[in-house]
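Asker: To start, I am sharing the structure in question, which I have written as C-alpha cells.
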Amino acid sequence: MPRRRRWALLPAVLVCALLSGCFLADDGDPVSVEVEGGELQGVARDDVRAYRGIPYAAPPVGDLRWRPPEPAAGWEGERDAEEFGDSCPQPGAEGGLAEGTSEDCLYLNVWRPDTEADDLPVMVWLHGGGLTLGNGDLTDEIVRGTVADGVVLVSLNYRLGRLGYLAHPALAAEQEADGEEQVANFGLLDQVAALEWVQENIGEFGGDPHQVTIFGISAGGASVNFLMSSPRTEGLFARAVTGSGLGNEVTPTYEAAAEEGAAVMGSLPGGDTDDAAALRELDVEEVALLPTYQLANQAPVLDSVLPASVSDTFAAGDEAPVPWIVGTTDRELLDPSFTFLGVDPVALRQTFVAGLEESALAAYGNAGTFDAHFLNDLVFTEPAARLAQQHAERAPTWRYRFSITSEEGRAANDGAVHGADYPYVFGDTEGDPQTPGSGALAEQVNECWTTFATTATPDCGVDWPQADDGALLDFTLEGPVVEEVDPWVARLEVAAQALVRAGVGTE
C-alpha cells in the first residue's frame, strides 16, 4: 500500500526540532487492549491503531522527585488512550516552561497495524533534544511509514534537564542512608523502566518482546549508546540503531557531578541546602530552566546505571552484544548550534588542533573545510567509526553516513545537518519539494531500519557491508553508495590523534 505524508526541512540549529510531534485530532474507531494496569481504549484510523498517554511509571512528583521510577498505579474501568500525556518539564521557546509540561510525564505511546497480526517486531523510539528538550509525541503522519511495514512502534517521555540528571550531596547521603546505589541518571532509568514495561506488555499489542529494537537520533542516539553500556538493560532489547549519538563525551564522576550539582542548585532560592526533602520542594520551573548541556558534559553522570563512559565501555567490550546500526549526517552541527548547546566552537577547535595544524590541513584540504567539519568529526563521526569497529568484534555492525539534502541545503550548510535523517528514518514518502527523489529515498532508508528490526539485517535493496574493516553506506541524493574504504579516513585519524593528545580518546 502506498504511504504518503508531508514534512518540512528541519531547522539547522535547534536539536529539539527532531523530536516532537503534535497531536492530530482523531475521529477513528475505538479499539481496546488489556495491559498490566488495566484496560486501554485507543483509536484505529487509516490502518493504524494508536494508544497514547499510557503510564509506564508513577508520576515522579513530591517524594518521588529525584528517585528511581516506581511502578505505575493501575486503574478501574477503561482508560482513555487517545491523547498524549504531558511532556516532561523543559524550557519553552518564549521563556518559562513549555506548554503542556508537568512532572507527571512518564507516559509512552504505542502504534500497531490495524490487523490481527501477532509476534510483530517492536521499535522503541528515544527522542532527542540534548537531554533537556523534546517528547515522544510522534505525529500520525510520521509513524505510518514504520507501522505500515508491520512494526509495533513505541515512543516515550523521560525526565529531562536537572530533573532527570542530577547528582547532589544531599541525594547521595539519602541514597547511602537508605542502602541504595548511587543514582544520578534518573532520565536514563526512566528509559529502562519503559523498556521493562514493553517486555511485560507489548505482547498485548501484537509485539514480540524478543524482537525489540531501540533507536534514536541526537540525544536519542546517545541514549541508545547509554542503554547499550548500562548493566541494567540485559534482555530488554535485541537490536539497536544509533543516529548522531556522540561517543566521545567526558562523563563526569558522581563525586564531581555532585559538587557541580550543589553549586547549580545553590543558585536557586532555597537551593543551598543539604536536605534532600528541601530540594524536592524547589519550584519545578526554576529547576527545569537550569542549564544542562550534554555537550558540556553536564549529563549524563557516572553512577550505578552508567558505571563507565560509552567510550570506555565499548573499548572494554562490555556493551550489549546486539546487532547495531550506527551513523551520522555528513554535516551535523553548524557553529551556532555548538554555541546554543554550551560550547565555544572556535576555542574548542583551537584547543584540539594545537600541534596538529599541518596534518589537519593536509587531511581536510583547506581551512574552510577544517572549520566546517573538524568539531563534527571529533564529536560525532570519529566515535561512530571507532565504536562501530569495536562493536563489530562482538556482534554484526553496520555504519552509515547520511548525505541527503537539497542543492540549497548543501550550498548553505555544506551537507545534511544534524537531524536531517529524522523523516527519512520514519519513511516520509511525500518527500521535500526542494529535494528531488526524496520520497523514494525516505522509503528506502525506512526499509533499511524496519528490515533490521525484523531480521537483524538491514535488507533494503543494497548490499550494505558490515563495518568490520571500516566500510559504510552513504545515503546520497543519487541513492545509497557503498564505501568499502571511508573517504574521510585521513580526517578521522587526525581527529583521533587530537582526542588522544587531549586525554579524551584512546590509542
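Following the order of the C-alpha cells, first chain is A, next is B, and so on, with residues numbered from 1 inside each chain and ligands from 1 in the order they appear.
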Extract, using only C-alpha atoms, all DNA, RNA and protein residues at most 9 Å from Ala194 in chain A, discarding same-chain residues fewer than 3 positions from it, and format them as a PyMOL selection string.
Answerer: chain A and resi 56-57+106-108+156+158+189-191+197-199
Asker: Leaving out Thr450 in chain A and any residue of its chain fewer than 2 positions from it, which residues lie within 9 Å of it when counting only C-alpha atoms, given as a PDB file with C-alpha atoms, in the first residue's frame?
Answerer:
ATOM      1  CA  PRO A 121       8.888  -6.711  15.640  1.00  0.00           C
ATOM      2  CA  MET A 123      10.793  -0.481  17.576  1.00  0.00           C
ATOM      3  CA  THR A 146       7.108   2.319  10.040  1.00  0.00           C
ATOM      4  CA  ASP A 149       5.870  -2.195   7.371  1.00  0.00           C
ATOM      5  CA  GLY A 150       4.400  -4.477  10.034  1.00  0.00           C
ATOM      6  CA  VAL A 151       6.102  -2.976  13.080  1.00  0.00           C
ATOM      7  CA  VAL A 445      16.000   4.377   4.386  1.00  0.00           C
ATOM      8  CA  ASN A 446      12.936   3.377   6.387  1.00  0.00           C
ATOM      9  CA  GLU A 447      13.079  -0.085   4.823  1.00  0.00           C
ATOM     10  CA  CYS A 448      16.687  -0.440   5.970  1.00  0.00           C
ATOM     11  CA  PHE A 452      16.826  -4.631  10.506  1.00  0.00           C
ATOM     12  CA  ALA A 453      14.198  -4.611  13.267  1.00  0.00           C
ATOM     13  CA  THR A 454      12.553  -7.633  11.673  1.00  0.00           C
ATOM     14  CA  THR A 455      15.534  -9.798  10.692  1.00  0.00           C
ATOM     15  CA  PRO A 458      19.310  -4.144   7.025  1.00  0.00           C
ATOM     16  CA  ASP A 459      17.954  -5.640   3.779  1.00  0.00           C
TER      17      ASP A 459
END
Asker: Tell me, as a PyMOL selection string, which residues lie within 12 Å of Asp178 in chain A, counting only C-alpha atoms; anything in the same chain fewer than 6 positions away does not count.
Answerer: chain A and resi 67+171-172
Asker: Could you name the residues that touch Ala316 in chain A at 12 Å or less, counting only C-alpha atoms, but leaving out those on the same chain fewer than 2 positions away, as a list in words?
Answerer: Ser229, Ala308, Ser309, Val310, Ser311, Asp312, Thr313, Phe314, Asp318, Glu319, Ala320, Leu387, Gln390, His391, Glu393, Arg394 and Thr506 of chain A
Asker: So what do you get for CA of Gly42 in chain A versus CA of Val143 in chain A, distance-wise?
Answerer: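 CA of Val143 in chain A lies at a distance of 15.4 Å from CA of Gly42 in chain A.
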